[in-house]
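Below is one structure, written out as structure tokens; comments come after it.
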Amino acid sequence: MPKHAPATLPFLVLLLSALALTQAPPAAFRFRDAGARAGLGGITVCGRERKSSVVEVNGSGLCWFDYNNDGLLDLYVVNGGTIEDLQAQRNGARGSHHNYLYRNNGDGTFTDVTDQAGVAGFRWGAGCAAADYDNDGFTDLLVTNLGENFLFRNNGNGTFTEVAKAAGVAGGFDWHTGAAFGDYDGDGHLDLYVSGYLDLEQALQTQKPCPWRGMQVFCGPGGMRGAPDRLYHNNGDGTFSDVTRQAGVEDRDLLYGFTATFEDFDNDGHPDLFVANDRGRNYLYHNLGNGKFEEVGETWGVAYPSEGTAQANMGVAVGDYDHNGAMDLFVTTFSLDHFTLYHNLGRRLLLDVSGEAGLVGATRPFLGWGTFFADFNNDGWLDLFTANGHVYPEAEQAKGAIEKYLQRPLLFRQSAPGVFTEVALRSGLAGVPLHSSRGAAYADYDNDGDLDIVYTNMGAPPTLLENTTPPQHWVAIRTVGARGNRDGIGARLKLTAGDLVQYASVRSGESYLSGNDPRVHFGLAQRSRIDELEIRWPGGHVDKLSAVPVDRILTVEEGKGITRVRQPRQRD
């Protein structure tokens with residue numbers, strides 16, 4: 001275990017941190033619905049209002065990324081379509097619905113630039129992942145589809161060129177879902193993993209009703225053939241090669257893959273790969289450091305929750321919520337089951353602590369999708385968000401139903417170390433319209449120093465929740481790699497501010513079919529001094545920085561240190 005990422009904090013430091021969190025007055029969360037004012041008006045379509053097929057219910061994601069390098073995060077929203085669209089696409093025609101690219105204007109509003117940027121798509125979309133795969137300094141965009149994927153290469157002039165087929169990542173007429181970029185072999189080029197859900201042809205043909213809690217509804221995925229997952233190796237020349245089998249990540253059981261993410265779960269310097277599967281065990285592929293992986297989900301403890309039965313896992317959150325230097329996992333699942341928190345003990349073992357964390361009872365009535373850890377009140381401790389919504393519009397008519405089709409989001413404050421308290425209704429969300437929601441992502445979209453939330457909704461525009469929580473100190477860091485990939489994806493950051501020690505990683509692809517703010521955000525509470533910022537870059541180079549300014553957005557370049565300091569936008 002590297003010295004910079006210990007398995008456990010010294011007992012005294014952990015005790016002092018716990019006392020600080022439990023004794024200090026908690027900063028209340030405050031959010032307000034800002035979507036309409038911001039101009040996010042595009043409606044997300046996913047089949048008909050009355051669902052007759054599993055194809056019509058899984059929804060889509062969204063991604064934050066700065067496509068024009070102006071320091072403002074733009075938003076890409078993936079759209080679906082209708083079964084008629086999908087059948088037309090199978091015959092070579094384009095669909096009738098398109099995705100949306102919203103350019104951030106820097107004043108809390110966005111402008112729809114989809115057409116001029118060339119990223120409309122007009123295909124039934126599922127998810128997205130943003131990263132600079134060709135290391136040219138401009139962020140590119142991978143969009144997964146029901147059917148062939150898109151890879152939009154950023155031309156650097158506000159436009160994109162679709163190159164998926166030429167690059168080798170189109171994938172054919174499959175049901176593609178979650179995507180993640182990561183440099184698994186350490187060659188400085190970002191590789192790509194794409195999950196597969198169902199055999200699309202069979203899913204289109206399966207529209208017969210199935211019994212569910214005294215009702216007749218469309219059939220779920222059980223009994224259908226799954227679609228394969230794929231790992232694409234970046235060749236460094238703008239193309240990728242399918243290395244799924246030789247790398248040891250072949251989905252031999254054809255499980256129903258949803259969300260994937262690269263993360264170094266054992267701190268050995270090599271990114272591992274986690275895949276959340278619907279109605280089956282989760283995969284955790286341990287990176288052996290030689291271009292190959294070994295599947296260790298059961299032995300490391302994340303294949304199943306403590307009950308030992310497979311869940312219907314959809315969304316994935318990654319973060320070190322307890323400050324022990326090892327990244328933890330959280331997954332969302334179907335209603336009448338609990339969302340599961342896996343605590344990383346730092347010994348290649350993760351433990352289901354959902355009950356101890358206070359998450360079991362609070363999540364059982366909800367069907368969860370997008371999710372993430374984020375410090376919403378800048379107190380230095382990660383909180384937790386989930387976007388929720390049922391798949392059956394008639395859910396509340398079921399026998400003994402406690403579920404609803406339209407569901408509110410859940411917002412958990414880490415109220416004591418390792419304990420999460422649900423606070424959404426007292427955080428300004430009581431009046432937010434209810435939807436059946438899907439993909440979700442966080443970002444400081446207005447650059448004012450706190451993290452905001454956006455999520456997609458079935459048959460409605462996205463919901464944008466602007467964070468208006470009383471301010472505390474913070475810092476945000478954009479990583480720029482030199483020896484490794486330009487985005488610094490895979491970098492591990494350690495921040496020390498007095499008694500507060502935090503760890504975070506740079507990732508592309510998580511939540512549910514979505515991508516969060518690519519910058520790393522640390523809350524500092526009332527601490528106005530950062531003692532040290534340590535960055536372990538992909539490839540092993542370590543930068544240690546002192547005199548790090550607070551309440552600023554910093555650009556840190558590998559081997560050069562802080563190269564740009566950006567002032568925050570004044571809060572309204």
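Every chain in the structure tokens takes a letter, A first, then B, and so on in the order presented; its residues are numbered from 1, and the ligands are numbered from 1 following the presented order.
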Practice task
Would you mind listing what lies within 10 Å of Leu86 in chain A as a PyMOL selection string, with only C-alpha atoms counted and same-chain residues fewer than 4 positions away left out?
Solution key: chain A and resi 47+55+80-82+90-96+123-124+146-147+200+204
Exercise for the section: Can you pull out every residue within 12 Å of Thr371 in chain A, counting only C-alpha atoms, but drop anything in the same chain fewer than 2 positions away, and send it as a PyMOL selection string? Expected result: chain A and resi 61+259+313-319+329-333+339-341+367-369+373-374+383-388+409-412+437-442+453-455+509-516
Check range 95-239 of chain A with DSSP on the backbone and list each residue it calls alpha helix (DSSP H), as a CSV table (one decimal) with N, CA, C and O atoms, in the first residue's frame.
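And here's result_38.csv as it stands now:
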```
chain,number,residue,atom,x,y,z
A,114,THR,N,-26.7,22.9,-30.2
A,114,THR,CA,-26.7,21.5,-30.7
A,114,THR,C,-26.4,21.5,-32.2
A,114,THR,O,-25.5,20.8,-32.7
A,115,ASP,N,-27.1,22.3,-33.0
A,115,ASP,CA,-27.0,22.2,-34.4
A,115,ASP,C,-25.7,22.7,-34.9
A,115,ASP,O,-25.0,22.1,-35.7
A,116,GLN,N,-25.3,23.9,-34.4
A,116,GLN,CA,-24.0,24.5,-34.9
A,116,GLN,C,-22.8,23.6,-34.5
A,116,GLN,O,-21.8,23.6,-35.2
A,117,ALA,N,-22.9,22.9,-33.3
A,117,ALA,CA,-21.8,22.1,-32.9
A,117,ALA,C,-21.8,20.7,-33.6
A,117,ALA,O,-20.7,20.1,-33.6
A,164,ALA,N,-17.1,7.6,-35.0
A,164,ALA,CA,-17.1,6.3,-34.2
A,164,ALA,C,-16.7,5.1,-35.1
A,164,ALA,O,-15.9,4.2,-34.7
A,165,LYS,N,-17.2,5.0,-36.3
A,165,LYS,CA,-16.9,3.9,-37.2
A,165,LYS,C,-15.4,3.9,-37.5
A,165,LYS,O,-14.7,2.9,-37.5
A,166,ALA,N,-14.9,5.1,-37.9
A,166,ALA,CA,-13.5,5.2,-38.3
A,166,ALA,C,-12.6,4.9,-37.1
A,166,ALA,O,-11.5,4.3,-37.3
A,167,ALA,N,-13.0,5.2,-35.9
A,167,ALA,CA,-12.2,5.0,-34.7
A,167,ALA,C,-12.4,3.6,-34.2
A,167,ALA,O,-11.6,3.1,-33.3
A,200,LEU,N,-30.7,-6.4,-28.5
A,200,LEU,CA,-31.7,-5.4,-28.9
A,200,LEU,C,-32.8,-6.0,-29.8
A,200,LEU,O,-33.9,-5.6,-29.7
A,201,GLU,N,-32.4,-6.9,-30.7
A,201,GLU,CA,-33.4,-7.5,-31.5
A,201,GLU,C,-34.5,-8.2,-30.7
A,201,GLU,O,-35.7,-8.1,-30.9
A,202,GLN,N,-34.0,-9.0,-29.7
A,202,GLN,CA,-34.9,-9.8,-28.9
A,202,GLN,C,-35.8,-8.8,-28.0
A,202,GLN,O,-37.0,-9.0,-27.9
A,203,ALA,N,-35.2,-7.7,-27.5
A,203,ALA,CA,-35.9,-6.8,-26.7
A,203,ALA,C,-37.0,-6.1,-27.5
A,203,ALA,O,-38.1,-5.9,-27.0
A,204,LEU,N,-36.8,-5.8,-28.8
A,204,LEU,CA,-37.8,-5.2,-29.6
A,204,LEU,C,-38.9,-6.2,-29.9
A,204,LEU,O,-40.1,-5.7,-30.1
A,205,GLN,N,-38.6,-7.4,-30.0
A,205,GLN,CA,-39.7,-8.4,-30.3
A,205,GLN,C,-40.5,-8.8,-29.0
A,205,GLN,O,-41.6,-9.4,-29.2
```
Handout entry: Contacts of Gly178 in chain A within 6 Å, only C-alpha atoms, excl. fewer than 4 positions in-chain, as a VMD selection string
Key = chain A and resid 127 194 to 195 258 to 260 513
Exercise for the section: Please give the complete set of residues from range 394-541 of chain A that DSSP, run on the backbone, assigns to strand (DSSP E), formatted as a ChimeraX atom specification. Expected result: /A:410-416,419-422,437-443,452-457,460-467,473-480,492-497,500-505,520-525,532-536
Take the residues from that selection and put them in a file with C-alpha atoms, as a short mmCIF file (atom, residue, chain, number, x, y, z; two decimals), in the first residue's frame.
```cif
data_model
loop_
_atom_site.label_atom_id
_atom_site.label_comp_id
_atom_site.auth_asym_id
_atom_site.auth_seq_id
_atom_site.Cartn_x
_atom_site.Cartn_y
_atom_site.Cartn_z
CA LEU A 410 -33.04 11.65 -2.18
CA LEU A 411 -30.41 13.91 -0.66
CA PHE A 412 -28.34 12.53 2.21
CA ARG A 413 -26.14 14.66 4.44
CA GLN A 414 -23.27 12.87 6.14
CA SER A 415 -24.41 13.89 9.59
CA ALA A 416 -21.79 11.87 11.48
CA VAL A 419 -23.90 8.02 8.85
CA PHE A 420 -26.21 9.58 6.24
CA THR A 421 -29.42 11.47 7.03
CA GLU A 422 -32.01 12.13 4.31
CA SER A 437 -35.96 10.56 -13.17
CA ARG A 438 -32.90 8.78 -14.55
CA GLY A 439 -29.37 10.13 -15.23
CA ALA A 440 -27.81 12.59 -12.79
CA ALA A 441 -24.57 14.53 -12.45
CA TYR A 442 -23.08 17.23 -10.24
CA ALA A 443 -21.06 20.29 -11.25
CA ASP A 452 -25.08 21.99 -8.18
CA ILE A 453 -27.19 19.04 -9.43
CA VAL A 454 -28.85 18.15 -12.72
CA TYR A 455 -30.90 15.08 -13.65
CA THR A 456 -32.92 13.86 -16.61
CA ASN A 457 -36.64 13.12 -16.45
CA ALA A 460 -39.81 16.29 -19.42
CA PRO A 461 -36.82 18.66 -19.51
CA PRO A 462 -33.94 18.13 -17.08
CA THR A 463 -34.15 19.42 -13.53
CA LEU A 464 -31.32 21.79 -12.55
CA LEU A 465 -30.89 22.38 -8.82
CA GLU A 466 -28.78 25.41 -8.02
CA ASN A 467 -26.94 25.18 -4.72
CA HIS A 473 -14.26 27.55 2.18
CA TRP A 474 -13.46 25.27 -0.77
CA VAL A 475 -11.07 24.63 -3.65
CA ALA A 476 -11.61 23.12 -7.12
CA ILE A 477 -8.82 21.58 -9.19
CA ARG A 478 -8.60 20.92 -12.91
CA THR A 479 -5.86 18.41 -13.65
CA VAL A 480 -3.77 18.56 -16.84
CA ARG A 492 -5.38 10.52 -7.08
CA LEU A 493 -5.45 13.72 -5.02
CA LYS A 494 -4.78 14.08 -1.31
CA LEU A 495 -5.56 17.37 0.39
CA THR A 496 -4.44 18.24 3.91
CA ALA A 497 -5.89 21.24 5.73
CA LEU A 500 -8.87 17.51 7.67
CA VAL A 501 -7.40 14.99 5.19
CA GLN A 502 -9.37 14.17 2.04
CA TYR A 503 -8.80 11.95 -0.99
CA ALA A 504 -10.38 12.12 -4.43
CA SER A 505 -9.82 10.79 -7.95
CA VAL A 520 -12.04 17.77 -8.27
CA HIS A 521 -13.88 19.75 -5.59
CA PHE A 522 -12.89 19.80 -1.91
CA GLY A 523 -14.92 21.48 0.85
CA LEU A 524 -12.87 22.97 3.68
CA ALA A 525 -15.51 24.23 6.15
CA GLU A 532 -0.53 20.46 1.17
CA LEU A 533 -2.06 19.21 -2.04
CA GLU A 534 -0.53 15.98 -3.28
CA ILE A 535 -1.33 14.57 -6.72
CA ARG A 536 -0.28 11.09 -7.80
#
```
Exercise for the section: Using only C-alpha atoms, pick whichever of A:Gly172, A:Gly236, A:Gly389, A:Gly186 has the shortest atom-to-atom distance to Thr363 in chain A. Expected result: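 Using only C-alpha atoms, Thr363 in chain A sits closest to A:Gly389.
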